[in-house]
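Undergrad: So here's coords09.cif, just mmCIF, C-alpha atoms and all ligand atoms:
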data_start
loop_
_atom_site.label_atom_id
_atom_site.label_comp_id
_atom_site.auth_asym_id
_atom_site.auth_seq_id
_atom_site.Cartn_x
_atom_site.Cartn_y
_atom_site.Cartn_z
CA ALA G 960 2.78 -46.12 3.01
CA SER G 961 1.06 -48.05 5.79
CA LYS G 962 -2.26 -46.37 5.03
CA LYS G 963 -1.99 -47.52 1.43
CA LEU G 964 -1.43 -51.08 2.61
CA ILE G 965 -4.44 -50.83 4.91
CA ASP G 966 -6.57 -49.49 2.05
CA THR G 967 -5.52 -52.42 -0.13
CA LEU G 968 -6.24 -54.85 2.68
CA ALA G 969 -9.66 -53.30 3.30
CA GLU G 970 -10.56 -53.57 -0.38
CA THR G 971 -9.08 -56.93 -1.33
CA HIS G 972 -8.96 -58.76 2.04
CA THR G 973 -5.52 -60.03 1.25
CA LEU G 974 -1.87 -58.94 1.38
CA GLY G 975 1.33 -60.70 0.44
CA ARG G 976 4.04 -61.68 2.90
CA GLN G 977 6.23 -58.62 2.21
CA ALA G 978 3.33 -56.22 2.57
CA LEU G 979 2.21 -57.86 5.81
CA LEU G 980 5.74 -57.64 7.21
CA GLU G 981 5.89 -53.98 6.34
CA LEU G 982 2.50 -53.28 7.90
CA LEU G 983 3.30 -55.20 11.09
CA GLN G 984 6.37 -53.06 11.61
CA ASP G 985 4.44 -49.81 11.77
CA THR G 986 2.17 -50.00 14.78
CA SER G 987 2.33 -46.24 15.44
CA ALA G 988 -0.78 -44.76 17.02
CA GLU G 989 -1.73 -42.99 13.81
CA THR G 990 -1.52 -46.12 11.67
CA ALA G 991 -3.34 -48.14 14.32
CA GLN G 992 -6.24 -45.67 14.49
CA TYR G 993 -6.53 -45.72 10.72
CA LEU G 994 -6.55 -49.52 10.74
CA PHE G 995 -9.13 -49.75 13.55
CA ALA G 996 -11.54 -47.38 11.78
CA LYS G 997 -11.44 -49.55 8.65
CA ALA G 998 -11.75 -52.73 10.71
CA ARG G 999 -14.82 -51.39 12.57
CA ASN G 1000 -16.33 -50.45 9.27
CA ALA G 1001 -15.89 -53.97 7.92
CA ARG G 1002 -17.28 -55.48 11.12
CA HIS G 1003 -20.32 -53.16 11.16
CA ARG G 1004 -21.18 -54.16 7.60
CA VAL G 1005 -21.40 -57.83 8.58
CA TYR G 1006 -22.29 -57.89 12.29
CA GLY G 1007 -23.47 -54.36 13.09
CA HIS G 1008 -22.90 -53.28 16.68
CA ASP G 1009 -23.84 -56.67 18.12
CA VAL G 1010 -21.38 -58.43 20.39
CA TYR G 1011 -21.89 -62.17 20.71
CA MET G 1012 -21.20 -63.90 23.98
CA ARG G 1013 -19.93 -67.42 24.57
CA GLY G 1014 -20.17 -69.07 27.95
CA LEU G 1015 -16.80 -70.59 28.72
CA ILE G 1016 -16.83 -73.71 30.90
CA GLU G 1017 -13.35 -74.74 31.98
CA PHE G 1018 -14.29 -78.28 32.88
CA THR G 1019 -10.90 -79.88 33.60
CA ASN G 1020 -7.38 -78.65 34.20
CA PHE G 1021 -5.75 -82.08 33.98
CA CYS G 1022 -3.50 -82.15 30.93
CA LYS G 1023 -1.23 -84.77 29.45
CA ASN G 1024 0.69 -82.17 27.45
CA ASP G 1025 3.58 -80.02 28.54
CA CYS G 1026 3.46 -76.78 26.53
CA TYR G 1027 6.16 -74.51 27.93
CA TYR G 1028 3.88 -71.47 28.21
CA CYS G 1029 0.87 -73.02 29.90
CA GLY G 1030 0.09 -73.04 33.61
CA ILE G 1031 -1.82 -76.33 33.51
CA ARG G 1032 1.02 -78.26 31.79
CA ARG G 1033 1.54 -81.74 33.24
CA SER G 1034 4.92 -80.82 34.78
CA ASN G 1035 3.39 -78.12 36.94
CA ALA G 1036 3.23 -80.10 40.18
CA GLN G 1037 1.85 -77.07 42.01
CA ALA G 1038 -1.31 -76.86 39.92
CA GLN G 1039 -4.37 -77.92 41.93
CA ARG G 1040 -6.10 -80.29 39.56
CA TYR G 1041 -9.89 -80.53 39.24
CA ARG G 1042 -12.55 -82.01 37.02
CA LEU G 1043 -16.19 -80.97 36.91
CA THR G 1044 -18.80 -83.72 36.97
CA PRO G 1045 -21.33 -83.91 34.12
CA GLU G 1046 -23.96 -82.62 36.57
CA GLN G 1047 -21.82 -79.60 37.45
CA ILE G 1048 -21.26 -78.89 33.76
CA LEU G 1049 -24.99 -79.11 33.03
CA GLU G 1050 -25.68 -76.77 35.94
CA CYS G 1051 -23.27 -74.23 34.42
CA CYS G 1052 -25.15 -74.52 31.13
CA ASP G 1053 -28.55 -74.08 32.81
CA ALA G 1054 -27.35 -71.02 34.74
CA GLY G 1055 -25.84 -69.66 31.53
CA TYR G 1056 -29.07 -70.21 29.65
CA GLU G 1057 -30.95 -68.07 32.18
CA LEU G 1058 -28.38 -65.32 31.62
CA GLY G 1059 -28.96 -65.37 27.86
CA PHE G 1060 -26.08 -67.55 26.71
CA ARG G 1061 -26.81 -69.58 23.57
CA THR G 1062 -23.30 -70.91 23.04
CA TYR G 1063 -21.27 -73.02 25.45
CA VAL G 1064 -17.57 -73.52 25.05
CA LEU G 1065 -16.30 -76.62 26.82
CA GLN G 1066 -12.61 -76.07 27.30
CA GLY G 1067 -10.06 -78.17 29.10
CA GLY G 1068 -6.62 -79.63 29.18
CA GLU G 1069 -6.09 -82.86 27.25
CA ASP G 1070 -7.48 -85.03 30.01
CA PRO G 1071 -7.54 -88.79 29.26
CA TYR G 1072 -10.30 -89.27 31.87
CA PHE G 1073 -12.66 -87.63 29.40
CA THR G 1074 -12.78 -90.45 26.87
CA ASP G 1075 -14.53 -89.98 23.54
CA GLU G 1076 -17.57 -91.74 25.01
CA ARG G 1077 -17.72 -89.36 27.97
CA ILE G 1078 -17.34 -86.29 25.76
CA ALA G 1079 -19.99 -87.50 23.31
CA THR G 1080 -22.43 -88.25 26.13
CA LEU G 1081 -21.85 -84.83 27.62
CA VAL G 1082 -22.44 -83.10 24.29
CA ARG G 1083 -25.62 -85.12 23.72
CA ARG G 1084 -26.97 -84.21 27.15
CA ILE G 1085 -26.31 -80.50 26.68
CA LYS G 1086 -27.94 -80.48 23.22
CA GLN G 1087 -30.94 -82.36 24.60
CA ARG G 1088 -31.47 -79.80 27.36
CA HIS G 1089 -30.73 -76.77 25.22
CA PRO G 1090 -31.43 -77.61 21.58
CA ASP G 1091 -31.29 -73.94 20.62
CA CYS G 1092 -27.70 -73.63 21.82
CA ALA G 1093 -24.42 -74.22 20.02
CA VAL G 1094 -21.81 -76.43 21.66
CA THR G 1095 -18.17 -75.60 21.04
CA LEU G 1096 -15.40 -77.96 22.07
CA SER G 1097 -11.86 -76.87 22.86
CA ILE G 1098 -10.11 -79.99 24.08
CA GLY G 1099 -7.03 -80.20 21.90
CA GLU G 1100 -5.63 -82.63 19.37
CA LYS G 1101 -7.63 -85.80 18.69
CA SER G 1102 -7.93 -88.32 15.87
CA ARG G 1103 -10.29 -87.68 12.99
CA GLU G 1104 -12.47 -90.51 14.31
CA SER G 1105 -12.82 -88.82 17.69
CA TYR G 1106 -13.74 -85.51 16.09
CA ALA G 1107 -16.31 -87.34 13.95
CA LEU G 1108 -17.82 -88.93 17.05
CA TYR G 1109 -18.23 -85.59 18.87
CA ARG G 1110 -19.72 -84.10 15.73
CA ALA G 1111 -22.24 -86.92 15.47
CA ALA G 1112 -23.14 -86.29 19.12
CA GLY G 1113 -24.06 -82.73 18.19
CA ALA G 1114 -20.94 -80.59 18.66
CA ASP G 1115 -21.19 -77.56 16.36
CA ARG G 1116 -17.85 -75.81 16.67
CA TYR G 1117 -14.25 -76.48 17.65
CA LEU G 1118 -11.53 -74.13 18.83
CA LEU G 1119 -7.95 -75.24 18.31
CA ARG G 1120 -5.42 -72.46 18.17
CA HIS G 1121 -2.54 -73.33 15.88
CA GLU G 1122 -0.34 -71.31 18.34
CA THR G 1123 2.23 -70.40 15.65
CA ALA G 1124 2.40 -71.24 11.95
CA ASN G 1125 6.19 -71.37 11.96
CA ALA G 1126 7.48 -74.89 12.62
CA ALA G 1127 10.78 -73.75 14.19
CA HIS G 1128 8.90 -71.38 16.49
CA TYR G 1129 6.40 -74.13 17.31
CA ALA G 1130 9.32 -76.28 18.48
CA LYS G 1131 10.44 -73.53 20.87
CA LEU G 1132 7.03 -73.40 22.53
CA HIS G 1133 6.35 -77.14 22.79
CA PRO G 1134 8.15 -80.37 23.68
CA PRO G 1135 9.20 -82.56 20.74
CA GLU G 1136 6.16 -84.86 20.90
CA LEU G 1137 3.94 -82.01 19.71
CA SER G 1138 4.17 -80.77 16.12
CA LEU G 1139 2.73 -78.01 14.01
CA GLU G 1140 2.07 -80.60 11.34
CA ASN G 1141 -0.33 -82.53 13.56
CA ARG G 1142 -2.00 -79.34 14.77
CA LYS G 1143 -2.68 -78.36 11.15
CA ARG G 1144 -3.94 -81.84 10.31
CA CYS G 1145 -6.43 -81.58 13.17
CA LEU G 1146 -7.70 -78.22 11.90
CA ARG G 1147 -8.19 -79.57 8.38
CA ASN G 1148 -10.01 -82.66 9.71
CA LEU G 1149 -12.30 -80.48 11.81
CA LYS G 1150 -13.18 -78.36 8.81
CA ALA G 1151 -13.83 -81.40 6.64
CA LEU G 1152 -16.20 -82.78 9.29
CA GLY G 1153 -18.36 -79.67 9.07
CA TYR G 1154 -17.43 -77.95 12.30
CA GLN G 1155 -17.29 -74.17 12.52
CA VAL G 1156 -13.57 -74.01 13.23
CA GLY G 1157 -11.37 -71.57 15.09
CA CYS G 1158 -7.60 -71.32 14.89
CA GLY G 1159 -5.45 -68.68 16.56
CA PHE G 1160 -2.23 -67.75 18.26
CA MET G 1161 -0.69 -65.87 21.14
CA VAL G 1162 0.70 -62.42 20.46
CA GLY G 1163 4.17 -61.79 21.86
CA SER G 1164 4.90 -65.41 22.74
CA PRO G 1165 8.59 -66.05 23.49
CA TYR G 1166 10.83 -66.11 20.37
CA GLN G 1167 8.04 -64.78 18.16
CA THR G 1168 9.18 -62.46 15.36
CA VAL G 1169 7.17 -60.35 12.93
CA GLU G 1170 7.98 -63.02 10.36
CA CYS G 1171 6.17 -65.54 12.56
CA LEU G 1172 3.18 -63.22 12.80
CA ALA G 1173 3.10 -62.73 9.04
CA GLU G 1174 3.07 -66.52 8.67
CA ASP G 1175 0.25 -66.76 11.22
CA LEU G 1176 -1.79 -64.35 9.14
CA LEU G 1177 -1.04 -66.12 5.86
CA PHE G 1178 -1.90 -69.50 7.36
CA THR G 1179 -5.12 -68.12 8.85
CA LYS G 1180 -6.13 -66.60 5.52
CA GLU G 1181 -5.48 -69.89 3.76
CA LEU G 1182 -7.40 -71.98 6.33
CA ASN G 1183 -10.26 -69.48 6.16
CA PRO G 1184 -11.68 -70.38 9.58
CA HIS G 1185 -14.99 -69.19 11.06
CA MET G 1186 -13.31 -67.96 14.23
CA VAL G 1187 -9.86 -66.77 15.24
CA GLY G 1188 -8.78 -66.64 18.87
CA ILE G 1189 -5.86 -64.38 19.64
CA GLY G 1190 -4.64 -62.86 22.86
CA PRO G 1191 -1.39 -61.71 24.39
CA PHE G 1192 1.01 -64.27 25.80
CA ILE G 1193 1.12 -63.74 29.58
CA PRO G 1194 3.78 -65.49 31.69
CA GLN G 1195 2.72 -67.96 34.35
CA HIS G 1196 5.14 -68.10 37.28
CA GLN G 1197 5.21 -71.93 37.53
CA THR G 1198 6.24 -72.51 33.88
CA PRO G 1199 9.58 -72.46 32.02
CA PHE G 1200 8.50 -69.10 30.54
CA ALA G 1201 7.95 -67.50 33.96
CA ASP G 1202 10.45 -64.73 33.22
CA LYS G 1203 9.46 -63.98 29.64
CA PRO G 1204 7.78 -60.66 28.92
CA ALA G 1205 4.06 -60.53 28.13
CA GLY G 1206 2.70 -59.61 24.71
CA THR G 1207 1.61 -56.00 24.38
CA LEU G 1208 -1.80 -54.41 24.16
CA GLU G 1209 -0.79 -52.40 21.11
CA GLN G 1210 0.40 -55.37 19.07
CA THR G 1211 -2.60 -57.52 20.01
CA LEU G 1212 -5.05 -54.79 19.01
CA PHE G 1213 -3.19 -54.22 15.77
CA LEU G 1214 -3.46 -57.89 14.88
CA LEU G 1215 -7.17 -57.92 15.68
CA GLY G 1216 -7.60 -55.06 13.22
CA VAL G 1217 -5.59 -56.81 10.52
CA LEU G 1218 -7.51 -60.07 11.03
CA ARG G 1219 -10.86 -58.29 10.69
CA LEU G 1220 -9.79 -56.90 7.32
CA LEU G 1221 -8.27 -60.20 6.15
CA LEU G 1222 -11.44 -62.13 7.05
CA PRO G 1223 -14.30 -59.61 7.31
CA ASN G 1224 -16.87 -62.22 8.38
CA VAL G 1225 -14.74 -63.91 11.02
CA LEU G 1226 -15.92 -64.29 14.62
CA LEU G 1227 -13.20 -62.60 16.62
CA PRO G 1228 -13.15 -62.59 20.41
CA ALA G 1229 -11.76 -59.85 22.61
CA THR G 1230 -10.21 -62.39 24.98
CA THR G 1231 -9.86 -62.61 28.73
CA ALA G 1232 -6.08 -62.41 28.29
CA LEU G 1233 -6.54 -59.05 26.58
CA GLY G 1234 -8.68 -57.92 29.52
CA THR G 1235 -5.95 -59.12 31.85
CA ILE G 1236 -3.12 -56.98 30.45
CA HIS G 1237 -5.21 -53.79 30.38
CA PRO G 1238 -8.33 -52.80 32.37
CA GLN G 1239 -10.09 -51.76 29.13
CA GLY G 1240 -8.48 -54.44 26.98
CA ARG G 1241 -11.71 -56.08 25.88
CA GLU G 1242 -13.40 -52.78 25.01
CA LEU G 1243 -10.33 -51.75 23.01
CA GLY G 1244 -10.43 -55.14 21.31
CA ILE G 1245 -14.02 -54.58 20.21
CA LEU G 1246 -13.06 -51.12 18.94
CA ALA G 1247 -10.19 -52.68 16.95
CA GLY G 1248 -12.57 -55.06 15.12
CA ALA G 1249 -13.44 -57.91 17.50
CA ASN G 1250 -17.11 -58.95 17.88
CA VAL G 1251 -17.21 -61.70 20.52
CA VAL G 1252 -16.63 -61.93 24.28
CA MET G 1253 -16.27 -65.14 26.26
CA PRO G 1254 -17.22 -64.70 29.90
CA ASN G 1255 -16.58 -67.52 32.30
CA LEU G 1256 -19.44 -69.82 33.36
CA SER G 1257 -17.27 -72.16 35.45
CA PRO G 1258 -18.13 -72.47 39.15
CA VAL G 1259 -16.29 -69.79 41.12
CA SER G 1260 -14.83 -72.57 43.31
CA VAL G 1261 -12.58 -73.77 40.46
CA ARG G 1262 -11.86 -70.50 38.67
CA LYS G 1263 -8.51 -69.85 40.31
CA LYS G 1264 -7.33 -73.33 39.42
CA TYR G 1265 -7.56 -72.82 35.66
CA MET G 1266 -4.51 -70.56 35.76
CA LEU G 1267 -3.10 -70.68 32.26
CA TYR G 1268 -1.30 -67.40 33.01
CA ASP G 1269 -0.83 -65.06 35.98
CA ASN G 1270 -3.36 -62.47 37.22
CA LYS G 1271 -6.26 -63.77 35.14
CA ILE G 1272 -9.34 -61.55 35.58
CA CYS G 1273 -12.84 -62.57 36.68
CA THR G 1274 -11.72 -65.45 38.89
CA GLY G 1275 -13.79 -64.19 41.83
CA GLU G 1276 -16.94 -63.09 40.03
CA GLU G 1277 -20.11 -65.08 39.51
CA ALA G 1278 -21.25 -65.60 35.91
CA ALA G 1279 -24.13 -63.19 36.45
CA GLU G 1280 -21.75 -60.45 37.58
CA CYS G 1281 -19.52 -60.87 34.52
CA ARG G 1282 -22.55 -60.84 32.27
CA LEU G 1283 -23.72 -57.53 33.75
CA CYS G 1284 -20.25 -56.06 33.86
CA LEU G 1285 -19.65 -56.88 30.21
CA ALA G 1286 -23.06 -55.60 29.15
CA ARG G 1287 -22.23 -52.27 30.77
CA ARG G 1288 -18.76 -52.19 29.29
CA MET G 1289 -20.11 -52.81 25.80
CA GLU G 1290 -22.89 -50.25 26.15
CA ARG G 1291 -20.41 -47.61 27.22
CA ILE G 1292 -18.60 -47.95 23.89
CA GLY G 1293 -21.78 -48.12 21.79
CA TYR G 1294 -22.19 -51.88 21.37
CA GLN G 1295 -24.67 -54.40 22.77
CA LEU G 1296 -24.39 -57.95 24.01
CA THR G 1297 -26.93 -60.11 22.22
CA VAL G 1298 -28.88 -63.22 23.13
CA SER G 1299 -28.04 -65.34 20.12
CA ARG G 1300 -26.04 -68.37 19.05
CA GLY G 1301 -23.94 -65.91 17.11
CA ASP G 1302 -23.26 -68.11 14.12
CA TYR G 1303 -20.83 -67.19 11.38
CA LEU G 1304 -22.54 -65.03 8.77
CA HIS G 1305 -21.78 -65.63 5.09
CA SER G 1306 -22.76 -62.21 3.86
CA SER G 1307 -22.83 -61.94 0.10
CA SER G 1308 -20.96 -58.66 -0.07
CA TYR G 1309 -17.76 -60.38 0.97
CA SER G 1310 -17.92 -63.86 -0.49
N1 LIG S 1 -6.07 -78.02 25.58
C1 LIG S 1 -6.79 -77.29 24.59
C2 LIG S 1 -5.88 -76.86 23.46
O1 LIG S 1 -4.69 -77.09 23.53
O2 LIG S 1 -6.38 -76.33 22.49
C3 LIG S 1 -7.55 -76.10 25.14
C4 LIG S 1 -7.02 -75.43 26.36
S1 LIG S 1 -5.55 -74.45 26.11
C5 LIG S 1 -5.13 -74.07 27.77
C6 LIG S 1 -6.26 -72.94 25.47
C7 LIG S 1 -5.32 -71.85 24.97
O3 LIG S 1 -4.75 -71.16 26.08
C8 LIG S 1 -4.14 -72.29 24.18
O4 LIG S 1 -4.50 -72.50 22.85
C9 LIG S 1 -3.14 -71.14 24.37
O5 LIG S 1 -3.07 -70.31 23.22
C10 LIG S 1 -3.71 -70.37 25.56
N2 LIG S 1 -2.67 -70.16 26.60
C11 LIG S 1 -2.03 -71.11 27.31
N3 LIG S 1 -1.10 -70.56 28.10
C12 LIG S 1 -1.14 -69.22 27.89
C13 LIG S 1 -0.40 -68.11 28.40
N4 LIG S 1 0.59 -68.28 29.27
N5 LIG S 1 -0.73 -66.88 27.97
C14 LIG S 1 -1.73 -66.70 27.08
N6 LIG S 1 -2.45 -67.71 26.56
C15 LIG S 1 -2.17 -68.96 26.94
FE1 LIG S 2 -16.02 -60.46 34.83
FE2 LIG S 2 -16.15 -57.77 34.41
S1 LIG S 2 -16.32 -59.38 33.04
S2 LIG S 2 -16.15 -58.87 36.27
#
Transcribe the structure of this file into C-alpha cells.

TA:
Amino acid sequence: ASKKLIDTLAETHTLGRQALLELLQDTSAETAQYLFAKARNARHRVYGHDVYMRGLIEFTNFCKNDCYYCGIRRSNAQAQRYRLTPEQILECCDAGYELGFRTYVLQGGEDPYFTDERIATLVRRIKQRHPDCAVTLSIGEKSRESYALYRAAGADRYLLRHETANAAHYAKLHPPELSLENRKRCLRNLKALGYQVGCGFMVGSPYQTVECLAEDLLFTKELNPHMVGIGPFIPQHQTPFADKPAGTLEQTLFLLGVLRLLLPNVLLPATTALGTIHPQGRELGILAGANVVMPNLSPVSVRKKYMLYDNKICTGEEAAECRLCLARRMERIGYQLTVSRGDYLHSSSYS
C-alpha cells in the first residue's frame, strides 16, 4: 500500500492529508528504500549528481526570543554571547570565496544590535565584493518594510523555518509572544518581495505527532518555497527541553524523501543536525533526496558558542577542512560538490 502511495506521489507530486498520514506511519526499511530510490530519481532529473554548498556564517548568538528548544534563547544565562564585526564577516566571505563558495548564509539570533541599517549595509558590502555570489539571510521575523530594505540592498534569499504548521504545537514550542500566524505572514511577505524563500521544521520536536508532520508537508506544498530546511530536533542541556528525546535519523530521512517528491525542484539541505545524530547523516540525507550542504564559515573561535543543540559537529574544524571533508564524503557516494550559486531551477518537466 505504501509503495502505491509513493508511486502516486512520484507521479503527481501531491498527496492528501489521509494518504500522507498513512505513508508517514510506515517508515519500514523496505518502504524507505523504495521512497529514496524514487526521490533520487526525481532529484537527478533536475539537479543531476551536483551538490550545492552554502557557506554558513553564524554572525551573532544574541537573541531576544525565547524558543524552548533553542540553546541561544535569551533565558539561557550560560550562553557565551558574541557578535562578529562587519570586517570579520567580510573576511569569512573572502575565505569562503577562495574555497569555491558562491552563496553566503548570514544566520543569527534576533539581535536588536543589528538594525535594518546595519544589515542592509552589510549585505551591500558583501554584494559589492562578491557580485557573483548570492546572499541569504536567516535572521528571523521582521516587518515587511525591513525585508524590503534588505532586498533592495541586494539580499537574494531568506531562510525562515516555520518550525511547525500546527498552531497548538507551535504554542508548545514557543512562548506566547510568538505565533505561527506571524511566522506565516513573514514567509508570504518574503515571497511577495521576490526572495528565494525557505521554510522548514524540526523532525521529532517535543509534542510533534504524525498529524503535525502531515500539516507541515501540506503547508510546505501550498507555500511552494524554493528551499526547505529540515533536521532532527536535538536537545540542548541548558533549555527547557533538555530531557526530551532527539528526532530520529530514520524519520528525518523519510521526510527528506517525501519532500523531494512533493517539490521535485526544491533545494533541500542535508543539515548539520542530521550529521550530528549520525556519522553518515549528511551522506544518507543526500541519498534520500537532498541536494545541498551548508558547511560552516564562521571563525573557529566562535563556533562552540553557537550551540543551538548539544554535540554539534564541525565546531573545531576550519572552513577549508570541512570543505575538503565534505567533498570527499560526497565523492564516496557518487556526488560532487560544485562551485556555483546553486539557484533554484525551474525545469519545464515539472512545472
Ligand atoms: N533566528 C533565526 C530564526 O529564528 O529563523 C535563525 C536562527 S535559528 C537558531 C535557526 C534554526 O535552528 C531554527 O529555525 C530551528 O529550527 C533550529 N534549531 C534551534 N534549536 C534547535 C535544536 N535544539 N535542535 C535542532 N534544531 C534547532
Ligand atoms: Fe566539517 Fe567534516 S564537514 S569536518

Undergrad: How many Å lie between atom C11 of ligand LIG 1 (chain S) and atom CA of G:Cys1022, rounded to one decimal?

TA: 11.7 Å

Undergrad: Which is closer to ligand LIG 1 (chain S) than all the others in G:Arg1103, G:Lys962, G:His1128, G:Arg1142, using only C-alpha atoms and all ligand atoms?

TA: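 Closest to ligand LIG 1 (chain S) of all the choices is G:Arg1142.
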
Undergrad: Which residues are near ligand LIG 2 (chain S) in this structure, taking near to mean any atom at most 6 Å from a ligand atom and counting all atoms listed in the file? Format them as a ChimeraX atom specification.

TA: /G:1273,1276,1280-1281,1284-1285

Undergrad: Would you pick out the contacts of G:Phe1018 at 7 Å or less, using only C-alpha atoms, so that residues sharing its chain but fewer than 4 positions from it are not included, and give the list as number ranges by chain?

TA: G: 1042-1043, 1065-1067

Undergrad: For ligand LIG 1 (chain S), list the contacting residues at 6 Å or closer, counting only C-alpha atoms and all ligand atoms, as a list in words.

TA: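 Listed by chain and ascending number, the contacts are Tyr1028, Cys1029, Gln1066, Gly1067, Gly1068, Glu1069, Ser1097, Ile1098, Gly1099, Leu1119, Arg1120, Glu1122, Phe1160, Met1161, Pro1191, Phe1192, Ile1193, Pro1194, Gln1195, Leu1267 and Tyr1268 of chain G.
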
Undergrad: For stretch 1051-1060 of chain G, find every residue with an atom within 7 Å (counting all atoms listed in the file), except residues of its own chain fewer than 6 positions away, and show them as a PyMOL selection string.

TA: chain G and resi 1012-1014+1256-1257+1279+1298

Undergrad: Counting only C-alpha atoms, figure out which residue out of G:Thr971, G:Thr1198, G:Leu979, G:Val1005 gets nearest to G:Leu1132.

TA: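 Under the stated criterion, the closest residue is G:Thr1198.
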
Undergrad: Taking 3 positions as the minimum chain separation for residues in the same chain, which residues sit within 10 Å of G:Ala1112 when counting only C-alpha atoms? Answer as a list in words.

TA: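 Surrounding residues, per the criterion: Glu1076, Ile1078, Ala1079, Thr1080, Leu1081, Val1082, Arg1083, Arg1084, Lys1086, Tyr1106, Ala1107, Leu1108, Tyr1109 and Asp1115 of chain G.
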
Undergrad: Could you pull the residues within 12 Å of G:Ala991, counting all atoms listed in the file, minus those fewer than 6 positions along the same chain, as a ChimeraX atom specification?

TA: /G:961-962,965,982-985,997-998,1208-1217,1243,1246-1248

Undergrad: Could you list, as a PyMOL selection string, every residue within 10 Å of G:Arg1288, counting only C-alpha atoms and ignoring same-chain residues fewer than 6 positions away?

TA: chain G and resi 1239+1241-1242+1282+1294-1296

Undergrad: Create the file for the chosen residues now, containing C-alpha atoms and written as a short mmCIF file (atom, residue, chain, number, x, y, z; two decimals), in the frame of the given file.

TA:
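The resulting selection.cif:
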data_model
loop_
_atom_site.label_atom_id
_atom_site.label_comp_id
_atom_site.auth_asym_id
_atom_site.auth_seq_id
_atom_site.Cartn_x
_atom_site.Cartn_y
_atom_site.Cartn_z
CA GLN G 1239 -10.09 -51.76 29.13
CA ARG G 1241 -11.71 -56.08 25.88
CA GLU G 1242 -13.40 -52.78 25.01
CA ARG G 1282 -22.55 -60.84 32.27
CA TYR G 1294 -22.19 -51.88 21.37
CA GLN G 1295 -24.67 -54.40 22.77
CA LEU G 1296 -24.39 -57.95 24.01
#

Undergrad: Between atom CA of G:Phe1073 and atom CA of G:Thr1044, measure the distance and give it in Å to one decimal.

TA: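 Result for atom CA of G:Phe1073 versus atom CA of G:Thr1044: 10.5 Å, one decimal.
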
Undergrad: State, in Å with one decimal place, the distance from atom CA of G:Arg1061 to atom CA of G:Ala1286.

TA: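 One can read the atom CA of G:Arg1061 to atom CA of G:Ala1286 distance as 15.5 Å.
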
Undergrad: Rank G:Gln1087, G:Thr1062, G:Asn1148, G:Ser1138 by their smallest atom-to-atom distance to G:Cys1026, using all atoms listed in the file, and report the top residue only.

TA: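 Under the stated criterion, the closest residue is G:Ser1138.
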
Undergrad: Please determine, counting all atoms listed in the file, which residue among G:Ala1151, G:Ala969, G:Ala1038, G:Ala1111 has the shortest atom-to-atom distance to G:Thr1019.

TA: G:Ala1038

Undergrad: For G:Leu1226, which residue out of G:Gly975, G:Gly1240, G:Pro1045, G:Gly1159 is the nearest one, using only C-alpha atoms?

TA: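 The closest residue to G:Leu1226 is G:Gly1159.
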
Undergrad: Tell me which of G:Lys1271, G:Gly1293, G:Ile1048, G:Ser1299 sits closest to G:Leu1015, counting all atoms listed in the file.

TA: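 Nearest candidate to G:Leu1015 out of G:Lys1271, G:Gly1293, G:Ile1048, G:Ser1299: G:Ile1048.
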
Undergrad: Return stretch 1274-1287 of chain G, completed with N, CA and C atoms, as a JSON list (two decimals), in the coordinates of the input.

TA:
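Generated file (selection-v3.json):
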[["chain", "number", "residue", "atom", "x", "y", "z"],
["G", 1274, "THR", "N", -11.77, -64.15, 38.22],
["G", 1274, "THR", "CA", -11.72, -65.45, 38.89],
["G", 1274, "THR", "C", -12.53, -65.43, 40.19],
["G", 1275, "GLY", "N", -13.00, -64.26, 40.60],
["G", 1275, "GLY", "CA", -13.79, -64.19, 41.83],
["G", 1275, "GLY", "C", -15.25, -63.88, 41.58],
["G", 1276, "GLU", "N", -15.58, -63.54, 40.34],
["G", 1276, "GLU", "CA", -16.94, -63.09, 40.03],
["G", 1276, "GLU", "C", -17.85, -64.24, 39.62],
["G", 1277, "GLU", "N", -19.10, -64.14, 39.99],
["G", 1277, "GLU", "CA", -20.11, -65.08, 39.51],
["G", 1277, "GLU", "C", -20.41, -64.77, 38.03],
["G", 1278, "ALA", "N", -20.93, -65.78, 37.33],
["G", 1278, "ALA", "CA", -21.25, -65.60, 35.91],
["G", 1278, "ALA", "C", -22.17, -64.40, 35.71],
["G", 1279, "ALA", "N", -23.16, -64.26, 36.60],
["G", 1279, "ALA", "CA", -24.13, -63.19, 36.45],
["G", 1279, "ALA", "C", -23.45, -61.82, 36.55],
["G", 1280, "GLU", "N", -22.46, -61.73, 37.43],
["G", 1280, "GLU", "CA", -21.75, -60.45, 37.58],
["G", 1280, "GLU", "C", -20.98, -60.11, 36.32],
["G", 1281, "CYS", "N", -20.30, -61.11, 35.75],
["G", 1281, "CYS", "CA", -19.52, -60.87, 34.52],
["G", 1281, "CYS", "C", -20.44, -60.49, 33.37],
["G", 1282, "ARG", "N", -21.58, -61.13, 33.32],
["G", 1282, "ARG", "CA", -22.55, -60.84, 32.27],
["G", 1282, "ARG", "C", -22.98, -59.38, 32.34],
["G", 1283, "LEU", "N", -23.30, -58.92, 33.54],
["G", 1283, "LEU", "CA", -23.72, -57.53, 33.75],
["G", 1283, "LEU", "C", -22.59, -56.56, 33.48],
["G", 1284, "CYS", "N", -21.43, -56.90, 34.01],
["G", 1284, "CYS", "CA", -20.25, -56.06, 33.86],
["G", 1284, "CYS", "C", -19.94, -55.87, 32.37],
["G", 1285, "LEU", "N", -19.97, -56.98, 31.63],
["G", 1285, "LEU", "CA", -19.65, -56.88, 30.21],
["G", 1285, "LEU", "C", -20.72, -56.12, 29.44],
["G", 1286, "ALA", "N", -21.99, -56.33, 29.82],
["G", 1286, "ALA", "CA", -23.06, -55.60, 29.15],
["G", 1286, "ALA", "C", -22.84, -54.10, 29.30],
["G", 1287, "ARG", "N", -22.48, -53.69, 30.51],
["G", 1287, "ARG", "CA", -22.23, -52.27, 30.77],
["G", 1287, "ARG", "C", -21.02, -51.77, 29.99]]
